[in-house]
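Below is one structure, written out as structure tokens; the observations come after it.
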Amino acid sequence: MIDLHTHILHGIDDGAETFEDAVAMCQLAAADGTEVMVATPHRFDGIHENHPIGLLRERLAQIQEAVGDSIRLVLGCELHFTHAVVEQLCETGEGWGINDGPYVLLELPPFSIPHGCEHAIYKLTSHGFRPIIAHPERNRTIQEKPESFYNLAELGLYAQQDSASLFGKFGKEAQAAAKVLLKNNLIHAISSDTHSPRRRRPGLSQAFAAARDAVGEEHARALVFDNPRAVVEGLPLPYVPDATSPRAKRSRWFEF
Ligand SMILES: [Fe+2]
């Protein structure tokens, strides 16, 4: 399995606190069947410091050396979505992309879909980037109106779901949204978004099993094997079934 979203770099953000934790997270993931992990430290979120890319690569190399070839580590980042960040990406051509490729992991604000998001997505894709929205099921607006994400997805973006959402670790609303988005083909990868060897632990095998129950073997395999592997290699996703619009929840005022 390939994990596209992890916070394994020690001392960088709210992920691994120590080098030992970082190594333990990789070892747990490898023991659970993860072959590749993408380190995705937070960037431009206004909370965590943006460390130089050289330092990120250095930390990654330290961890890789400690874990040997039990697991392959590559670098990406979790970019907080703002129009300024999108402008910067398009102007400089620097994608902070996953494994230096075209896929960029973008995190929406927790409660809303920013005004003008459609235009920003269009701009990114027209500059050759392939945006992947991180854990849309945790966004309040998408929880309340999952069809709003369908409208965005139609513009050509992809989405990554957090494994813990499937098990209700981010609340019932996120869990319900996770299932709705999954069943409407609006999710293209499931990742751990691990932050520690103790809480929000690494590993994808349980999520793989849950996804298999929800959408079947072929689709579930695509979410943890085939699609994320293509992301790491910078190739087109092999499994992108047509998305369907989640039915809008009926307003209670129209219920009889
Ligand atoms: Fe994250």
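Note on naming: chains are A, B, ... as they come in the structure tokens, residues start from 1 per chain, ligands start from 1 in the order shown.
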
Practice task
Would you kindly return, as a list in words, each protein, DNA or RNA residue with an atom no farther than 8 Å from any atom of region 232-245 of chain A, considering only C-alpha atoms and excluding same-chain residues fewer than 4 positions away?
Solution key: Leu4, Ile98, Asn99, Gly101, Pro102, Tyr103, Glu147, Tyr150, Asn184, Asn185, Leu186, His188, His219, Ala222, Asp226, Asn227 and Pro228 of chain A

Exercise for the section: Enumerate, as number ranges by chain, the complete set of residues in region 27-254 of chain A that a backbone-based DSSP assignment places in alpha helix (DSSP H). Expected result: A: 27-31, 53-67, 83-92, 117-126, 140-144, 147-153, 163-166, 172-183, 205-215, 217-221, 227-233

Handout entry: Near-Asp193 (chain A) list (8 Å; only C-alpha atoms; drop same-chain fewer than 6 positions) as number ranges by chain
Key = A: 5-7, 162-163, 200, 202

Per residue of chain A within 9 Å of ligand 1, what are the shortest atom pair and its distance in Å to one decimal, counting only C-alpha atoms and all ligand atoms, with rows by chain and residue number, as a tab-separated table?
residue	atom	partner	partner_atom_place_in_ligand_line	distance
A:His5	CA	ligand 1	1 (Fe)	6.2
A:Thr6	CA	ligand 1	1 (Fe)	6.3
A:His7	CA	ligand 1	1 (Fe)	6.5
A:Gly15	CA	ligand 1	1 (Fe)	8.6
A:Thr40	CA	ligand 1	1 (Fe)	6.9
A:Pro41	CA	ligand 1	1 (Fe)	7.3
A:His42	CA	ligand 1	1 (Fe)	6.8
A:Cys77	CA	ligand 1	1 (Fe)	8.7
A:Glu78	CA	ligand 1	1 (Fe)	6.2
A:Glu107	CA	ligand 1	1 (Fe)	8.0
A:Ala134	CA	ligand 1	1 (Fe)	7.4
A:His135	CA	ligand 1	1 (Fe)	8.3
A:Asp162	CA	ligand 1	1 (Fe)	8.7
A:Ser192	CA	ligand 1	1 (Fe)	8.7
A:Asp193	CA	ligand 1	1 (Fe)	4.9
A:Thr194	CA	ligand 1	1 (Fe)	7.4
A:His195	CA	ligand 1	1 (Fe)	7.8

Problem - Those in region 7-213 of chain A with strand (DSSP E or B) from DSSP, as a PyMOL selection string - result: chain A and resi 36-39+42-43+72-75+78-80+103-107+130-134+158-162+189-191+194

Fill in the blank from the handout: Counting only C-alpha atoms, closest pick from A:Leu204, A:Ala39, A:Leu181, A:Ala159 relative to Leu56 (chain A) is A:Ala39

Practice task
Show which residues sit within 12 Å of Asp69 (chain A), as a list of chain:residue names. Count only C-alpha atoms, and ignore same-chain residues fewer than 3 positions away.
Solution key: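 Listed by chain and then number, they are A:Cys26, A:Gln27, A:Ala30, A:Thr34, A:Glu35, A:Val36, A:Ile63, A:Gln64, A:Glu65, A:Ala66, A:Arg72, A:Leu73.
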
Output for the residues just chosen: C-alpha atoms as a PDB file, in the first residue's frame:
ATOM      1  CA  CYS A  26       7.589   4.090   9.563  1.00  0.00           C
ATOM      2  CA  GLN A  27       8.145   0.717  11.192  1.00  0.00           C
ATOM      3  CA  ALA A  30       5.822  -1.173   7.074  1.00  0.00           C
ATOM      4  CA  THR A  34       2.764   0.043   3.573  1.00  0.00           C
ATOM      5  CA  GLU A  35       5.466   0.112   0.896  1.00  0.00           C
ATOM      6  CA  VAL A  36       5.746   3.871   0.310  1.00  0.00           C
ATOM      7  CA  ILE A  63      14.593   8.528   8.789  1.00  0.00           C
ATOM      8  CA  GLN A  64      15.108   6.606   5.546  1.00  0.00           C
ATOM      9  CA  GLU A  65      18.594   5.626   6.657  1.00  0.00           C
ATOM     10  CA  ALA A  66      17.244   4.333   9.962  1.00  0.00           C
ATOM     11  CA  ARG A  72      10.373   3.920   0.741  1.00  0.00           C
ATOM     12  CA  LEU A  73       9.983   7.533   1.864  1.00  0.00           C
TER      13      LEU A  73
END

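For His48 (chain A), the set of protein, DNA and RNA residues having any atom at most 10 Å away, when counting only C-alpha atoms and skipping those fewer than 3 positions along the same chain, is Ile12, Asp13, Asp14, Pro41, His42, Arg43, Phe44, Asp45 and His51 of chain A.
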
Output C-alpha atoms for every residue in the selection just made, as a PDB file, in the first residue's frame.
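The resulting again28.pdb:
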ATOM      1  CA  ILE A  12       8.654  19.972  11.784  1.00  0.00           C
ATOM      2  CA  ASP A  13       4.958  20.388  12.493  1.00  0.00           C
ATOM      3  CA  ASP A  14       2.374  18.712  14.720  1.00  0.00           C
ATOM      4  CA  PRO A  41       4.470  18.509   6.414  1.00  0.00           C
ATOM      5  CA  HIS A  42       2.041  21.427   6.724  1.00  0.00           C
ATOM      6  CA  ARG A  43       3.019  24.506   4.720  1.00  0.00           C
ATOM      7  CA  PHE A  44       1.531  27.957   4.480  1.00  0.00           C
ATOM      8  CA  ASP A  45      -1.152  27.260   7.044  1.00  0.00           C
ATOM      9  CA  HIS A  51      11.056  25.122   7.086  1.00  0.00           C
TER      10      HIS A  51
END

Exercise for the section: Pick out the residues sitting within 12 Å of Gly46 (chain A), and hand them over as a ChimeraX atom specification; count only C-alpha atoms, and ignore anything fewer than 4 positions along from it in its own chain. Expected result: /A:13,42,50,79-82,85,109

Handout entry: Residues within 10 Å of Gly93 (chain A), only C-alpha atoms, excluding chain neighbours under 5 positions, as a count of residues only
Key = 6

Practice task
Calculate how many Å separate CA of Val104 (chain A) from CA of Arg57 (chain A), rounding to one decimal.
Solution key: 17.2 Å
